[in-house]
$ cat query30.cif   # mmCIF, C-alpha atoms and all ligand atoms
data_input
loop_
_atom_site.label_atom_id
_atom_site.label_comp_id
_atom_site.auth_asym_id
_atom_site.auth_seq_id
_atom_site.Cartn_x
_atom_site.Cartn_y
_atom_site.Cartn_z
CA MET A 1 -3.11 14.49 -57.69
CA LYS A 2 0.01 15.14 -55.70
CA HIS A 3 -1.41 14.11 -52.34
CA SER A 4 -2.97 10.86 -51.22
CA PHE A 5 -5.88 10.36 -48.90
CA VAL A 6 -5.66 6.81 -47.61
CA CYS A 7 -5.87 7.12 -43.83
CA GLY A 8 -9.65 7.19 -43.40
CA ASN A 9 -9.86 10.63 -41.83
CA PRO A 10 -8.70 14.04 -43.14
CA ALA A 11 -6.88 14.77 -39.85
CA LEU A 12 -4.80 11.61 -40.27
CA ASP A 13 -4.07 12.38 -43.93
CA PHE A 14 -3.05 15.88 -42.83
CA ALA A 15 -0.72 14.51 -40.12
CA GLY A 16 0.67 12.00 -42.62
CA THR A 17 2.12 14.75 -44.82
CA PHE A 18 5.19 14.69 -42.62
CA GLY A 19 7.37 11.83 -41.43
CA SER A 20 8.89 9.04 -43.45
CA ARG A 21 7.90 6.80 -46.32
CA LEU A 22 10.15 3.86 -47.16
CA GLY A 23 12.78 5.34 -44.90
CA VAL A 24 12.86 8.64 -46.83
CA PRO A 25 11.89 11.82 -44.94
CA VAL A 26 8.64 13.29 -46.23
CA GLU A 27 7.58 16.92 -46.05
CA LEU A 28 4.61 17.58 -48.29
CA PHE A 29 4.01 21.10 -46.95
CA PRO A 30 7.22 22.90 -47.95
CA SER A 31 5.37 26.12 -48.82
CA PRO A 32 2.08 27.97 -48.25
CA GLU A 33 0.99 26.99 -51.78
CA SER A 34 1.37 23.31 -50.94
CA LEU A 35 -1.35 23.74 -48.33
CA ASP A 36 -3.64 25.29 -50.93
CA SER A 37 -3.20 22.23 -53.13
CA TRP A 38 -3.66 19.79 -50.24
CA PHE A 39 -6.95 21.39 -49.19
CA ARG A 40 -8.19 21.49 -52.78
CA GLU A 41 -7.24 17.84 -53.44
CA SER A 42 -8.77 16.73 -50.14
CA GLY A 43 -12.13 18.11 -51.25
CA ILE A 44 -12.39 20.19 -48.07
CA VAL A 45 -12.51 23.35 -50.22
CA ASP A 46 -13.26 24.00 -53.88
CA GLY A 47 -11.21 27.11 -54.51
CA ASP A 48 -7.93 28.45 -53.21
CA THR A 49 -7.49 28.95 -49.51
CA LYS A 50 -4.65 31.44 -50.15
CA PHE A 51 -2.27 30.37 -47.42
CA ARG A 52 0.32 32.97 -46.45
CA PRO A 53 3.63 32.30 -44.65
CA ALA A 54 2.09 32.96 -41.21
CA ASP A 55 -0.77 30.53 -41.93
CA HIS A 56 1.76 27.99 -43.16
CA GLU A 57 3.60 28.11 -39.80
CA LYS A 58 0.31 27.74 -37.97
CA ALA A 59 -0.61 24.75 -40.14
CA ILE A 60 2.68 23.02 -39.34
CA ARG A 61 2.09 23.56 -35.60
CA ILE A 62 -1.43 22.11 -35.89
CA ARG A 63 -0.09 19.15 -37.88
CA ASP A 64 2.53 18.41 -35.21
CA ALA A 65 -0.12 18.73 -32.49
CA ILE A 66 -2.53 16.35 -34.26
CA TYR A 67 0.23 13.77 -34.70
CA SER A 68 1.15 14.07 -31.02
CA LEU A 69 -2.47 13.62 -29.87
CA VAL A 70 -3.07 10.67 -32.20
CA HIS A 71 0.14 9.02 -31.08
CA ALA A 72 -0.82 9.52 -27.42
CA LYS A 73 -4.23 7.98 -28.06
CA MET A 74 -2.70 4.94 -29.75
CA THR A 75 -0.17 4.35 -27.02
CA GLY A 76 -2.56 5.07 -24.15
CA SER A 77 -0.51 7.99 -22.87
CA ALA A 78 -1.76 11.38 -21.68
CA TYR A 79 -2.27 14.17 -24.24
CA ASP A 80 0.41 16.83 -24.36
CA GLY A 81 -1.09 20.06 -22.96
CA ASP A 82 0.31 22.32 -25.69
CA ALA A 83 -0.90 20.01 -28.43
CA LEU A 84 -4.39 20.03 -26.89
CA SER A 85 -4.45 23.84 -26.78
CA ILE A 86 -3.25 24.16 -30.38
CA VAL A 87 -5.91 21.82 -31.78
CA ASN A 88 -8.69 23.23 -29.59
CA ASP A 89 -7.76 26.81 -30.50
CA ALA A 90 -7.82 25.93 -34.20
CA ALA A 91 -11.25 24.28 -33.83
CA ARG A 92 -12.74 27.38 -32.18
CA THR A 93 -12.68 29.25 -35.52
CA PRO A 94 -15.75 28.60 -37.69
CA PRO A 95 -15.09 25.75 -40.18
CA VAL A 96 -15.30 25.89 -43.98
CA LEU A 97 -18.38 27.57 -45.37
CA GLN A 98 -20.66 25.40 -47.50
CA GLN A 99 -23.28 26.97 -49.75
CA LEU A 100 -25.85 25.20 -51.87
CA THR A 101 -25.76 26.31 -55.53
CA PRO A 102 -28.10 25.53 -58.45
CA ASP A 103 -25.50 23.00 -59.71
CA GLY A 104 -24.34 21.50 -56.45
CA ARG A 105 -22.29 22.95 -53.65
CA GLN A 106 -19.65 25.60 -53.28
CA THR A 107 -17.19 25.25 -50.40
CA GLU A 108 -14.93 28.12 -49.52
CA ALA A 109 -12.57 28.76 -46.67
CA THR A 110 -9.92 31.07 -45.34
CA PRO A 111 -6.77 29.29 -44.12
CA ALA A 112 -8.08 29.54 -40.53
CA GLN A 113 -11.42 28.00 -41.52
CA ALA A 114 -9.72 25.20 -43.44
CA LEU A 115 -7.45 24.43 -40.48
CA SER A 116 -10.45 24.54 -38.15
CA THR A 117 -12.12 21.84 -40.22
CA VAL A 118 -9.04 19.61 -39.95
CA ALA A 119 -8.81 20.23 -36.19
CA ARG A 120 -12.52 19.35 -35.80
CA HIS A 121 -11.93 16.11 -37.67
CA ALA A 122 -9.11 15.33 -35.21
CA ILE A 123 -11.36 16.04 -32.23
CA GLU A 124 -14.19 13.87 -33.59
CA LEU A 125 -11.78 11.06 -34.39
CA LEU A 126 -10.01 11.02 -31.03
CA SER A 127 -13.21 11.21 -29.01
CA GLY A 128 -15.29 8.95 -31.26
CA PRO A 129 -15.84 5.29 -32.13
CA ASP A 130 -12.92 5.13 -34.60
CA ALA A 131 -10.28 5.90 -31.95
CA PRO A 132 -9.73 2.22 -31.00
CA LEU A 133 -9.16 1.43 -34.70
CA LEU A 134 -6.10 3.66 -35.06
CA LYS A 135 -3.12 1.74 -36.36
CA LYS A 136 0.40 2.58 -37.50
CA CYS A 137 1.52 1.28 -40.87
CA ALA A 138 3.24 -2.11 -40.45
CA ASN A 139 6.05 -0.90 -42.66
CA HIS A 140 8.46 0.32 -40.00
CA GLU A 141 9.89 2.80 -42.51
CA CYS A 142 6.49 4.51 -42.81
CA SER A 143 5.08 6.86 -40.19
CA ARG A 144 1.48 7.00 -41.44
CA ILE A 145 -1.37 6.26 -39.04
CA TYR A 146 -4.73 5.12 -40.42
CA ILE A 147 -8.11 3.81 -39.30
CA ASP A 148 -8.40 0.06 -39.74
CA ARG A 149 -12.05 -0.53 -40.66
CA SER A 150 -11.33 -3.89 -42.30
CA ARG A 151 -13.17 -6.98 -41.13
CA GLY A 152 -11.25 -8.55 -38.27
CA GLU A 153 -8.97 -5.49 -38.22
CA ARG A 154 -6.51 -7.19 -40.54
CA ARG A 155 -5.32 -4.18 -42.50
CA GLU A 156 -1.56 -3.93 -42.12
CA TRP A 157 -0.43 -0.93 -44.13
CA CYS A 158 -1.51 2.57 -45.05
CA ALA A 159 -1.73 1.80 -48.77
CA MET A 160 -0.76 -0.97 -51.16
CA ASP A 161 1.45 1.47 -53.05
CA PRO A 162 4.12 1.74 -51.85
CA CYS A 163 3.96 0.11 -48.42
CA GLY A 164 1.90 -3.03 -49.09
CA ASN A 165 3.86 -3.91 -52.22
CA ARG A 166 7.13 -3.36 -50.41
CA MET A 167 6.09 -5.50 -47.45
CA LYS A 168 4.83 -8.31 -49.68
CA ALA A 169 8.08 -8.31 -51.68
CA ALA A 170 10.11 -8.47 -48.45
CA ALA A 171 7.99 -11.38 -47.16
CA TYR A 172 8.45 -13.19 -50.50
CA ARG A 173 12.25 -12.75 -50.35
CA ALA A 174 12.30 -13.99 -46.75
CA ARG A 175 10.32 -17.10 -47.77
CA LYS A 176 12.72 -17.79 -50.63
CA ARG A 177 15.69 -17.50 -48.26
CA GLU A 178 14.02 -19.95 -45.87
CA GLU A 179 13.49 -22.45 -48.68
CA LYS A 180 17.18 -22.34 -49.58
CA LEU A 181 18.24 -22.82 -45.95
CA VAL A 182 15.87 -25.71 -45.40
CA PRO A 183 15.81 -27.88 -48.57
CA ALA A 184 12.65 -29.86 -49.09
CA ALA A 185 12.77 -33.47 -47.79
CA GLY A 186 14.05 -36.10 -50.26
CA LYS A 187 16.48 -33.81 -52.08
ZN ZN B 1 2.72 3.00 -44.98
#
$ encode --input "query30.cif" --output "C-alpha cells"
Amino acid sequence: MKHSFVCGNPALDFAGTFGSRLGVPVELFPSPESLDSWFRESGIVDGDTKFRPADHEKAIRIRDAIYSLVHAKMTGSAYDGDALSIVNDAARTPPVLQQLTPDGRQTEATPAQALSTVARHAIELLSGPDAPLLKKCANHECSRIYIDRSRGERREWCAMDPCGNRMKAAAYRARKREEKLVPAAGK
C-alpha cells in the first residue's frame, strides 16, 4: 500500500495527499495513474478508474476545494464560493456503481463517479455530526486534518507513524534537557 487512510473520512484522506509531512512537501497525486491507485487502495473502487490528464486536473481542483472547505469549517470562517461550487458540481455526478455479485460486491467507477463519491463524503462530513471533531495534526510540520473520535477528544496526531513517534521523541528530548537544566535536589 502506497497510500494511508488514517483521517477517518475518505474526503480527509484525499485532501491529505497534498501538503507537508515532517516539514517535507507531499504530493501523492503526481500523475493520473496515482489517482487510480489511490481509489483502488481506498476501497472506493475495485478496478481501475482510468484517470486521464484532464481528470487528474479536475481531481487536484476538487482536492484543493475540499481542503479549503474543511479548513474554513475548522476555523469558523465562511466557505470560499469557488470551492463550494467545485465540490457541489463534483457531487452532482452519480457516485460509484455498486453491484451485488454471487461472491460479494463489485464496485466500478469512471473518474467522475469516483470524484463524486469523494465530494459526497466531504459534504456529509462538513454538514454532519463529525464536523466539530475535525482536528489538525499537532505536529506543526504536518498538514493532515482528521476526525478525533477518541474518548475525551485526546487524539493529537494523524498517525503514530510518523507524526506520533516524532512528537513523542521531541517531548522526551525536551524533558531530558529540562532535567539537565534543573538538577534534582540533593545533588
Ligand atoms: Zn500528522
$ residues_around --input "query30.cif" --residues "stretch 117-131 of chain A" --least-positions-apart "2" --cutoff "8 Å" --atoms "all atoms listed in the file" --output "list in words"
Asn9, Pro10, Ala11, Leu12, Phe14, Ile62, Ile66, Val70, Lys73, Met74, Val87, Asn88, Ala90, Ala91, Pro95, Val96, Gln113, Ala114, Leu115, Leu133, Leu134 and Ile147 of chain A
$ closest_atom_pairs --input "query30.cif" --of "chain A" --to "ligand ZN 1 (chain B)" --cutoff "10 Å" --atoms "only C-alpha atoms and all ligand atoms" --output "CSV"
residue,atom,partner,partner_atom,distance
A:Val6,CA,B:ZN1,ZN,9.6
A:Cys7,CA,B:ZN1,ZN,9.6
A:Gly16,CA,B:ZN1,ZN,9.5
A:Ser20,CA,B:ZN1,ZN,8.8
A:Arg21,CA,B:ZN1,ZN,6.6
A:Leu22,CA,B:ZN1,ZN,7.8
A:Lys136,CA,B:ZN1,ZN,7.8
A:Cys137,CA,B:ZN1,ZN,4.6
A:Ala138,CA,B:ZN1,ZN,6.8
A:Asn139,CA,B:ZN1,ZN,5.6
A:His140,CA,B:ZN1,ZN,8.1
A:Glu141,CA,B:ZN1,ZN,7.6
A:Cys142,CA,B:ZN1,ZN,4.6
A:Ser143,CA,B:ZN1,ZN,6.6
A:Arg144,CA,B:ZN1,ZN,5.5
A:Ile145,CA,B:ZN1,ZN,7.9
A:Tyr146,CA,B:ZN1,ZN,9.0
A:Glu156,CA,B:ZN1,ZN,8.6
A:Trp157,CA,B:ZN1,ZN,5.1
A:Cys158,CA,B:ZN1,ZN,4.3
A:Ala159,CA,B:ZN1,ZN,6.0
A:Met160,CA,B:ZN1,ZN,8.1
A:Asp161,CA,B:ZN1,ZN,8.3
A:Pro162,CA,B:ZN1,ZN,7.1
A:Cys163,CA,B:ZN1,ZN,4.7
A:Gly164,CA,B:ZN1,ZN,7.3
A:Arg166,CA,B:ZN1,ZN,9.5
A:Met167,CA,B:ZN1,ZN,9.5
$ atom_distance --input "query30.cif" --atom1 "atom CA of A:Asp89" --atom2 "atom CA of A:Ala59"
12.2 Å
$ closest_residue --input "query30.cif" --among "A:Val45, A:His3, A:Ser150, A:Gly8" --to "A:Leu28" --atoms "only C-alpha atoms"
A:His3
$ atom_distance --input "query30.cif" --atom1 "atom CA of A:Thr110" --atom2 "atom CA of A:Thr49"
5.3 Å
$ closest_residue --input "query30.cif" --among "A:Ala72, A:Ala174, A:Leu100, A:Arg63" --to "A:Ser116" --atoms "only C-alpha atoms"
A:Arg63
$ atom_distance --input "query30.cif" --atom1 "atom CA of A:Gly43" --atom2 "atom CA of A:Thr17"
16.0 Å
$ residues_around --input "query30.cif" --residues "A:Leu35" --least-positions-apart "5" --cutoff "9 Å" --atoms "all atoms listed in the file" --output "list in words"
Leu28, Phe29, Pro30, Arg40, Thr49, Lys50, Phe51, His56, Ala59 and Pro111 of chain A
$ closest_residue --input "query30.cif" --among "A:Asp55, A:Glu178, A:Asp80, A:Asp46" --to "A:Ser34" --atoms "only C-alpha atoms"
A:Asp55
